[in-house]
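This is input24.cif (mmCIF, C-alpha atoms).
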```cif
data_final
loop_
_atom_site.group_PDB
_atom_site.id
_atom_site.type_symbol
_atom_site.label_atom_id
_atom_site.label_comp_id
_atom_site.auth_asym_id
_atom_site.auth_seq_id
_atom_site.Cartn_x
_atom_site.Cartn_y
_atom_site.Cartn_z
ATOM 1 C CA MET Z 1 58.158 -107.728 275.958
ATOM 2 C CA PRO Z 2 57.756 -104.158 277.250
ATOM 3 C CA LEU Z 3 54.707 -102.049 276.650
ATOM 4 C CA ARG Z 4 54.696 -100.341 273.268
ATOM 5 C CA PRO Z 5 55.500 -96.632 273.504
ATOM 6 C CA SER Z 6 51.948 -95.845 272.429
ATOM 7 C CA LEU Z 7 50.490 -97.669 275.395
ATOM 8 C CA SER Z 8 52.994 -96.133 277.780
ATOM 9 C CA LYS Z 9 51.748 -92.748 276.608
ATOM 10 C CA LEU Z 10 48.271 -93.978 277.383
ATOM 11 C CA ALA Z 11 49.416 -94.787 280.898
ATOM 12 C CA LEU Z 12 50.724 -91.261 281.256
ATOM 13 C CA LEU Z 13 47.589 -89.673 279.890
ATOM 14 C CA SER Z 14 44.788 -91.668 281.388
ATOM 15 C CA LEU Z 15 45.941 -94.078 284.102
ATOM 16 C CA ILE Z 16 46.346 -93.720 287.789
ATOM 17 C CA ALA Z 17 49.214 -95.427 289.495
ATOM 18 C CA MET Z 18 49.308 -99.014 289.905
ATOM 19 C CA PRO Z 19 51.881 -100.883 292.103
ATOM 20 C CA ALA Z 20 53.408 -101.119 295.375
ATOM 21 C CA ALA Z 21 55.856 -99.654 297.757
ATOM 22 C CA LEU Z 22 57.755 -101.969 300.013
ATOM 23 C CA ALA Z 23 57.364 -101.381 303.722
ATOM 24 C CA GLY Z 24 59.032 -98.114 304.612
ATOM 25 C CA CYS Z 25 59.595 -97.158 300.967
ATOM 26 C CA GLY Z 26 57.509 -94.801 298.854
ATOM 27 C CA SER Z 27 53.939 -93.677 299.444
ATOM 28 C CA PRO Z 28 51.349 -95.759 301.330
ATOM 29 C CA ALA Z 29 49.570 -98.377 299.251
ATOM 30 C CA LEU Z 30 45.821 -98.209 298.748
ATOM 31 C CA THR Z 31 45.845 -101.942 298.069
ATOM 32 C CA CYS Z 32 48.142 -104.747 296.893
ATOM 33 C CA GLN Z 33 47.110 -107.591 294.622
ATOM 34 C CA THR Z 34 48.812 -110.885 293.809
ATOM 35 C CA GLN Z 35 48.713 -111.581 290.085
ATOM 36 C CA THR Z 36 49.513 -114.822 288.244
ATOM 37 C CA CYS Z 37 51.879 -114.489 285.297
ATOM 38 C CA SER Z 38 50.180 -115.102 281.953
ATOM 39 C CA THR Z 39 53.053 -117.394 280.864
ATOM 40 C CA GLY Z 40 51.396 -120.413 282.505
ATOM 41 C CA ASN Z 41 54.373 -121.458 284.640
ATOM 42 C CA GLY Z 42 52.729 -120.788 288.005
ATOM 43 C CA LYS Z 43 54.747 -117.692 288.839
ATOM 44 C CA THR Z 44 53.139 -114.741 290.561
ATOM 45 C CA TYR Z 45 54.032 -111.136 291.194
ATOM 46 C CA GLN Z 46 52.444 -108.437 293.321
ATOM 47 C CA LEU Z 47 50.948 -105.187 292.149
ATOM 48 C CA CYS Z 48 50.019 -102.374 294.549
ATOM 49 C CA VAL Z 49 48.207 -99.102 294.031
ATOM 50 C CA ASN Z 50 49.824 -96.197 295.869
ATOM 51 C CA THR Z 51 48.415 -92.848 296.877
ATOM 52 C CA ASP Z 52 50.914 -90.770 294.878
ATOM 53 C CA ASP Z 53 50.160 -91.953 291.318
ATOM 54 C CA SER Z 54 53.163 -94.283 291.209
ATOM 55 C CA GLU Z 55 53.626 -97.981 290.507
ATOM 56 C CA THR Z 56 55.791 -100.708 292.029
ATOM 57 C CA PHE Z 57 55.937 -104.332 290.929
ATOM 58 C CA ASN Z 58 57.169 -106.907 293.494
ATOM 59 C CA TYR Z 59 58.522 -110.047 291.801
ATOM 60 C CA GLY Z 60 60.928 -112.819 292.759
ATOM 61 C CA GLY Z 61 62.130 -111.057 295.907
ATOM 62 C CA MET Z 62 62.781 -107.823 294.003
ATOM 63 C CA SER Z 63 60.737 -104.711 293.291
ATOM 64 C CA CYS Z 64 60.506 -102.070 290.596
ATOM 65 C CA HIS Z 65 59.010 -98.650 291.283
ATOM 66 C CA ALA Z 66 57.796 -96.371 288.493
ATOM 67 C CA SER Z 67 56.097 -93.037 288.245
ATOM 68 C CA THR Z 68 53.208 -92.992 285.787
ATOM 69 C CA MET Z 69 54.697 -89.749 284.494
ATOM 70 C CA ASN Z 70 57.934 -91.447 283.422
ATOM 71 C CA THR Z 71 57.767 -93.572 280.256
ATOM 72 C CA THR Z 72 61.277 -94.977 280.722
ATOM 73 C CA GLU Z 73 60.529 -96.197 284.250
ATOM 74 C CA LEU Z 74 57.223 -97.789 283.183
ATOM 75 C CA GLU Z 75 58.784 -99.696 280.303
ATOM 76 C CA SER Z 76 61.746 -100.769 282.450
ATOM 77 C CA CYS Z 77 59.422 -102.291 285.075
ATOM 78 C CA SER Z 78 57.315 -103.981 282.395
ATOM 79 C CA THR Z 79 60.449 -105.536 280.881
ATOM 80 C CA LYS Z 80 61.690 -106.805 284.240
ATOM 81 C CA VAL Z 81 58.360 -108.389 285.188
ATOM 82 C CA THR Z 82 58.008 -109.982 281.752
ATOM 83 C CA ALA Z 83 61.501 -111.470 282.060
ATOM 84 C CA PHE Z 84 60.706 -112.800 285.535
ATOM 85 C CA CYS Z 85 57.447 -114.343 284.325
ATOM 86 C CA SER Z 86 59.143 -115.972 281.330
ATOM 87 C CA GLU Z 87 62.002 -117.650 283.181
ATOM 88 C CA GLY Z 88 61.557 -121.121 284.697
ATOM 89 C CA SER Z 89 58.650 -121.973 286.987
ATOM 90 C CA GLY Z 90 57.480 -121.326 290.499
ATOM 91 C CA GLY Z 91 58.325 -118.266 292.552
ATOM 92 C CA SER Z 92 56.173 -115.511 293.919
ATOM 93 C CA GLY Z 93 55.978 -111.780 294.053
ATOM 94 C CA GLY Z 94 56.757 -110.986 297.684
ATOM 95 C CA THR Z 95 54.778 -108.726 299.930
ATOM 96 C CA GLY Z 96 53.414 -105.242 299.559
ATOM 97 C CA GLY Z 97 53.712 -102.031 301.493
ATOM 98 C CA THR Z 98 52.007 -101.058 304.681
ATOM 99 C CA GLY Z 99 50.048 -97.961 305.500
ATOM 100 C CA GLY Z 100 47.208 -96.361 303.596
ATOM 101 C CA ALA Z 101 43.763 -97.813 303.243
ATOM 102 C CA GLY Z 102 43.895 -101.535 302.683
ATOM 103 C CA GLY Z 103 47.652 -101.845 302.173
ATOM 104 C CA GLY Z 104 48.629 -105.450 301.503
ATOM 105 C CA SER Z 105 45.110 -106.689 300.753
ATOM 106 C CA SER Z 106 44.152 -108.703 297.689
ATOM 107 C CA GLY Z 107 41.651 -107.766 295.018
ATOM 108 C CA GLN Z 108 39.543 -110.045 292.899
ATOM 109 C CA PRO Z 109 41.226 -111.116 289.634
ATOM 110 C CA CYS Z 110 39.544 -111.119 286.255
ATOM 111 C CA THR Z 111 39.815 -113.621 283.397
ATOM 112 C CA TYR Z 112 39.848 -113.157 279.646
ATOM 113 C CA THR Z 113 39.570 -115.093 276.395
ATOM 114 C CA VAL Z 114 40.864 -114.033 272.994
ATOM 115 C CA SER Z 115 39.148 -115.022 269.742
ATOM 116 C CA GLY Z 116 39.478 -114.131 266.078
ATOM 117 C CA ALA Z 117 42.912 -113.892 264.452
ATOM 118 C CA GLN Z 118 44.474 -115.213 267.687
ATOM 119 C CA THR Z 119 43.193 -117.438 270.492
ATOM 120 C CA ALA Z 120 44.325 -117.308 274.115
ATOM 121 C CA THR Z 121 43.141 -117.241 277.710
ATOM 122 C CA GLY Z 122 44.545 -115.562 280.770
ATOM 123 C CA THR Z 123 44.031 -113.937 284.134
ATOM 124 C CA CYS Z 124 44.241 -110.238 284.849
ATOM 125 C CA THR Z 125 43.715 -107.498 287.404
ATOM 126 C CA ALA Z 126 40.940 -104.927 287.063
ATOM 127 C CA TYR Z 127 40.271 -101.770 289.015
ATOM 128 C CA GLY Z 128 38.666 -98.368 288.848
ATOM 129 C CA ALA Z 129 40.080 -95.268 290.496
ATOM 130 C CA VAL Z 130 39.760 -91.555 291.053
ATOM 131 C CA THR Z 131 42.850 -89.513 291.889
ATOM 132 C CA PRO Z 132 43.314 -85.767 292.455
ATOM 133 C CA SER Z 133 45.600 -85.483 289.437
ATOM 134 C CA ASN Z 134 43.248 -87.175 286.968
ATOM 135 C CA PRO Z 135 39.749 -85.894 286.055
ATOM 136 C CA GLY Z 136 37.105 -88.592 285.641
ATOM 137 C CA VAL Z 137 37.174 -92.255 286.633
ATOM 138 C CA VAL Z 138 40.022 -94.417 285.359
ATOM 139 C CA PHE Z 139 39.304 -98.067 284.570
ATOM 140 C CA GLU Z 140 42.224 -100.397 283.892
ATOM 141 C CA ILE Z 141 42.837 -104.037 282.994
ATOM 142 C CA VAL Z 142 46.361 -105.483 283.059
ATOM 143 C CA ASP Z 143 47.952 -108.922 283.227
ATOM 144 C CA GLY Z 144 51.573 -107.773 283.403
ATOM 145 C CA ALA Z 145 52.818 -109.146 280.097
ATOM 146 C CA THR Z 146 50.134 -109.714 277.456
ATOM 147 C CA LEU Z 147 46.998 -107.598 277.875
ATOM 148 C CA ASP Z 148 46.588 -103.950 278.809
ATOM 149 C CA PHE Z 149 43.532 -101.691 278.639
ATOM 150 C CA ALA Z 150 42.777 -98.314 280.164
ATOM 151 C CA ALA Z 151 40.159 -95.610 279.741
ATOM 152 C CA THR Z 152 39.092 -92.545 281.666
ATOM 153 C CA VAL Z 153 35.324 -92.101 281.864
ATOM 154 C CA THR Z 154 34.721 -88.381 281.652
ATOM 155 C CA ASP Z 155 32.019 -86.465 283.551
ATOM 156 C CA ALA Z 156 32.141 -89.046 286.348
ATOM 157 C CA THR Z 157 33.361 -88.808 289.925
ATOM 158 C CA THR Z 158 32.635 -92.377 291.031
ATOM 159 C CA LEU Z 159 32.609 -95.825 289.422
ATOM 160 C CA ALA Z 160 28.946 -96.739 288.962
ATOM 161 C CA ASP Z 161 26.793 -99.413 287.320
ATOM 162 C CA GLY Z 162 26.377 -98.777 283.620
ATOM 163 C CA ILE Z 163 27.580 -99.406 280.091
ATOM 164 C CA TYR Z 164 30.543 -97.397 278.825
ATOM 165 C CA THR Z 165 32.026 -97.234 275.325
ATOM 166 C CA GLU Z 166 34.677 -95.185 273.583
ATOM 167 C CA ALA Z 167 32.097 -92.375 273.257
ATOM 168 C CA ASP Z 168 32.198 -91.970 277.055
ATOM 169 C CA ALA Z 169 35.989 -91.941 277.330
ATOM 170 C CA ALA Z 170 38.503 -89.121 277.222
ATOM 171 C CA PRO Z 171 41.035 -89.094 274.343
ATOM 172 C CA GLY Z 172 43.993 -91.294 275.176
ATOM 173 C CA PHE Z 173 42.061 -94.495 275.948
ATOM 174 C CA GLY Z 174 43.452 -97.664 274.454
ATOM 175 C CA GLY Z 175 44.561 -101.234 274.825
ATOM 176 C CA GLU Z 176 47.014 -103.748 273.472
ATOM 177 C CA LEU Z 177 47.330 -107.506 273.168
ATOM 178 C CA THR Z 178 50.977 -108.568 272.795
ATOM 179 C CA VAL Z 179 51.645 -111.831 270.948
ATOM 180 C CA GLY Z 180 55.038 -113.117 272.092
ATOM 181 C CA THR Z 181 57.817 -111.301 270.259
ATOM 182 C CA THR Z 182 55.876 -111.285 266.985
ATOM 183 C CA GLY Z 183 53.740 -108.190 267.371
ATOM 184 C CA GLY Z 184 50.374 -107.205 268.685
ATOM 185 C CA TYR Z 185 46.842 -105.917 268.290
ATOM 186 C CA LEU Z 186 45.905 -102.368 269.170
ATOM 187 C CA LEU Z 187 42.966 -100.278 270.361
ATOM 188 C CA CYS Z 188 43.844 -96.588 270.171
ATOM 189 C CA SER Z 189 41.979 -93.320 270.158
ATOM 190 C CA SER Z 190 44.180 -90.398 269.191
ATOM 191 C CA GLY Z 191 47.480 -89.305 267.706
ATOM 192 C CA ASP Z 192 49.028 -89.600 271.156
ATOM 193 C CA ASN Z 193 48.691 -93.380 271.280
ATOM 194 C CA CYS Z 194 48.017 -94.518 267.686
ATOM 195 C CA ASN Z 195 51.242 -95.644 266.031
ATOM 196 C CA ASP Z 196 52.219 -98.249 263.485
ATOM 197 C CA ALA Z 197 54.996 -100.789 263.944
ATOM 198 C CA ASN Z 198 57.561 -98.142 262.990
ATOM 199 C CA GLY Z 199 56.258 -95.609 265.503
ATOM 200 C CA ASP Z 200 54.559 -93.390 262.914
ATOM 201 C CA PRO Z 201 51.100 -91.895 263.702
ATOM 202 C CA THR Z 202 48.053 -93.765 262.412
ATOM 203 C CA PRO Z 203 44.266 -93.254 262.581
ATOM 204 C CA ALA Z 204 42.253 -94.432 265.572
ATOM 205 C CA GLN Z 205 41.192 -98.077 265.510
ATOM 206 C CA GLY Z 206 39.233 -100.599 267.567
ATOM 207 C CA SER Z 207 36.401 -100.286 270.083
ATOM 208 C CA PHE Z 208 35.357 -101.337 273.579
ATOM 209 C CA ASP Z 209 32.181 -102.033 275.511
ATOM 210 C CA LEU Z 210 32.463 -101.985 279.321
ATOM 211 C CA ASP Z 211 29.437 -103.156 281.322
ATOM 212 C CA ILE Z 212 29.796 -102.549 285.070
ATOM 213 C CA THR Z 213 27.127 -104.461 286.987
ATOM 214 C CA ASP Z 214 28.591 -103.802 290.451
ATOM 215 C CA PRO Z 215 31.507 -101.445 291.203
ATOM 216 C CA GLY Z 216 32.305 -103.396 294.351
ATOM 217 C CA PRO Z 217 33.772 -102.001 297.574
ATOM 218 C CA SER Z 218 35.884 -98.866 297.534
ATOM 219 C CA GLN Z 219 38.857 -97.643 299.566
ATOM 220 C CA GLY Z 220 40.136 -94.117 299.944
ATOM 221 C CA ALA Z 221 43.339 -92.416 301.013
ATOM 222 C CA GLY Z 222 45.179 -89.227 300.160
ATOM 223 C CA GLY Z 223 42.287 -87.850 298.121
ATOM 224 C CA SER Z 224 42.166 -90.992 295.946
ATOM 225 C CA THR Z 225 39.464 -93.674 295.755
ATOM 226 C CA LEU Z 226 40.036 -97.203 294.494
ATOM 227 C CA TRP Z 227 37.505 -99.851 293.452
ATOM 228 C CA MET Z 228 39.505 -103.083 293.489
ATOM 229 C CA ALA Z 229 36.812 -105.685 292.733
ATOM 230 C CA PRO Z 230 34.463 -104.345 290.035
ATOM 231 C CA GLN Z 231 32.020 -106.824 288.531
ATOM 232 C CA GLY Z 232 30.811 -107.024 284.932
ATOM 233 C CA THR Z 233 32.229 -107.614 281.453
ATOM 234 C CA LEU Z 234 34.524 -105.875 279.010
ATOM 235 C CA VAL Z 235 34.666 -106.587 275.273
ATOM 236 C CA ILE Z 236 37.622 -105.101 273.375
ATOM 237 C CA THR Z 237 37.960 -105.247 269.580
ATOM 238 C CA MET Z 238 41.533 -104.715 268.361
ATOM 239 C CA PRO Z 239 42.871 -104.810 264.803
ATOM 240 C CA ALA Z 240 46.501 -105.736 264.234
ATOM 241 C CA VAL Z 241 49.140 -103.041 264.724
ATOM 242 C CA PRO Z 242 49.421 -101.354 261.297
ATOM 243 C CA GLY Z 243 52.556 -102.295 259.393
ATOM 244 C CA GLY Z 244 53.366 -105.149 261.771
ATOM 245 C CA ALA Z 245 53.885 -108.865 261.241
ATOM 246 C CA LEU Z 246 50.333 -109.812 262.262
ATOM 247 C CA SER Z 247 47.003 -109.309 260.511
ATOM 248 C CA GLY Z 248 43.279 -109.527 261.177
ATOM 249 C CA THR Z 249 41.337 -108.560 264.281
ATOM 250 C CA VAL Z 250 40.976 -110.054 267.754
ATOM 251 C CA THR Z 251 38.135 -109.801 270.242
ATOM 252 C CA VAL Z 252 39.049 -109.946 273.922
ATOM 253 C CA ASN Z 253 36.215 -110.909 276.288
ATOM 254 C CA VAL Z 254 37.007 -110.063 279.900
ATOM 255 C CA THR Z 255 34.949 -111.336 282.829
ATOM 256 C CA LEU Z 256 35.297 -109.141 285.893
#
```
Can the structure from this file be put into structure tokens for me?
Amino acid sequence: MPLRPSLSKLALLSLIAMPAALAGCGSPALTCQTQTCSTGNGKTYQLCVNTDDSETFNYGGMSCHASTMNTTELESCSTKVTAFCSEGSGGSGGTGGTGGAGGGSSGQPCTYTVSGAQTATGTCTAYGAVTPSNPGVVFEIVDGATLDFAATVTDATTLADGIYTEADAAPGFGGELTVGTTGGYLLCSSGDNCNDANGDPTPAQGSFDLDITDPGPSQGAGGSTLWMAPQGTLVITMPAVPGGALSGTVTVNVTL
């Protein structure tokens, strides 16, 4: 299931790029990470962070490149990776690009549990980043199919130890937990990314509490800095998407 339009807008407003260029294609990668599909069939795909605020997913011997400024490209890649993860078992995501600082290296994955109106567990990728085109420090969690979260910490130029909540984030932060083809649960912060199941604007909802205990090592290239193994916890509270098929509230506990 592709990202909801509201979350794609979030990616445009407050994310840096996140995926890979194949060797000789696109901008150099800051780092590449192998991620396990959340569908539980053992499949993996590769996600690389490039220096030009773009994304490329490598999956099943194929790749999908997307600019974070292009909603259509982002949703197309999300759909393709979700389809790959949902079909059969086995298979891997290929290899990432060369060049840049740390191209082709692996970051440390995170894990999460969902409680409340839904229960689930999964693995994810977490990173923090600073890019020339985005003021503040971006922090993102993604598992490729089910869970997405992103926020830009304002008045910051480096990822540092500390506790961050929605009060510290620029408008446009948000997150989503997708439940199969049924619907989802949403954290949103402004009219740009708060929509009901019909796409109509709704009030802000949900909250988050990010506790960074160790930002981990950093890599830099092209004026960008990436922290690919932050340590700590993230708690996200998300009510159901208004007007959708689901109800109640979920709490997602992420261990970095």
- Would you work out the distance separating CA of Glu87 (chain Z) from CA of Val252 (chain Z), expressed in Å to one decimal? 25.9 Å
Rows by chain and residue number, region 182-237 of chain Z within 9 Å of region 144-160 of chain Z, shortest pair, all atoms listed in the file, as CSV:
```
residue,atom,partner,partner_atom,distance
Z:Leu187,CA,Z:Phe149,CA,8.4
Z:Ile212,CA,Z:Ala160,CA,7.0
Z:Thr213,CA,Z:Ala160,CA,8.2
Z:Asp214,CA,Z:Ala160,CA,7.2
Z:Pro215,CA,Z:Ala160,CA,5.8
Z:Thr225,CA,Z:Thr158,CA,8.4
Z:Trp227,CA,Z:Leu159,CA,7.5
Z:Pro230,CA,Z:Leu159,CA,8.7
Z:Ile236,CA,Z:Phe149,CA,8.6
```
Deliver the residues from the most recent selection as a file, using C-alpha atoms, as a short mmCIF file (atom, residue, chain, number, x, y, z; two decimals), in the coordinates of the input.
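File produced: out-v3.cif:
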```cif
data_model
loop_
_atom_site.label_atom_id
_atom_site.label_comp_id
_atom_site.auth_asym_id
_atom_site.auth_seq_id
_atom_site.Cartn_x
_atom_site.Cartn_y
_atom_site.Cartn_z
CA LEU Z 187 42.97 -100.28 270.36
CA ILE Z 212 29.80 -102.55 285.07
CA THR Z 213 27.13 -104.46 286.99
CA ASP Z 214 28.59 -103.80 290.45
CA PRO Z 215 31.51 -101.44 291.20
CA THR Z 225 39.46 -93.67 295.76
CA TRP Z 227 37.51 -99.85 293.45
CA PRO Z 230 34.46 -104.34 290.04
CA ILE Z 236 37.62 -105.10 273.38
#
```
- Task: Any chance you could resolve the PyMOL selection byres ((chain Z and resi 164) around 7) against this file and give the residues as a VMD selection string?
- Result: chain Z and resid 162 to 163 165 168 209 to 211
Do a neighbour search on region 238-244 of chain Z at 9 Å with only C-alpha atoms, toss out local chain neighbours closer than 6 positions, and write the hits as a short mmCIF file (atom, residue, chain, number, x, y, z; two decimals) with C-alpha atoms, in the frame of the given file.
```
data_model
loop_
_atom_site.label_atom_id
_atom_site.label_comp_id
_atom_site.auth_asym_id
_atom_site.auth_seq_id
_atom_site.Cartn_x
_atom_site.Cartn_y
_atom_site.Cartn_z
CA ALA Z 117 42.91 -113.89 264.45
CA GLY Z 175 44.56 -101.23 274.82
CA GLU Z 176 47.01 -103.75 273.47
CA LEU Z 177 47.33 -107.51 273.17
CA THR Z 182 55.88 -111.28 266.98
CA GLY Z 183 53.74 -108.19 267.37
CA GLY Z 184 50.37 -107.20 268.68
CA TYR Z 185 46.84 -105.92 268.29
CA LEU Z 186 45.90 -102.37 269.17
CA LEU Z 187 42.97 -100.28 270.36
CA CYS Z 188 43.84 -96.59 270.17
CA ASN Z 195 51.24 -95.64 266.03
CA ASP Z 196 52.22 -98.25 263.48
CA ALA Z 197 55.00 -100.79 263.94
CA ASN Z 198 57.56 -98.14 262.99
CA THR Z 202 48.05 -93.76 262.41
CA GLN Z 205 41.19 -98.08 265.51
CA GLY Z 206 39.23 -100.60 267.57
CA SER Z 207 36.40 -100.29 270.08
CA PHE Z 208 35.36 -101.34 273.58
CA VAL Z 250 40.98 -110.05 267.75
CA THR Z 251 38.14 -109.80 270.24
CA VAL Z 252 39.05 -109.95 273.92
#
```
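A straight line drawn from CA of Tyr112 (chain Z) to CA of Ala229 (chain Z) is 15.4 Å long.
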- Interatomic distance, CA of Gly60 (chain Z) to CA of Ala120 (chain Z) (Å, one decimal):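 Distance reported for this atom pair: 25.4 Å.
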- Task: Using all atoms listed in the file, pick whichever of Z:Ser247, Z:Ser78, Z:Thr36, Z:Ser218 has the shortest atom-to-atom distance to Ser63 (chain Z).
- Result: Z:Ser78
- Task: Can you turn the PyMOL selection byres ((chain Z and resi 124) around 6) into a concrete residue list for this file, as a PyMOL selection string?
- Result: chain Z and resi 109-111+123+125+142-143
- Task: Give as a ChimeraX atom specification the residues that the PyMOL selection byres ((chain Z and resi 132) around 7) matches when applied to the coordinates above.
- Result: /Z:130-131,133-134,223-224
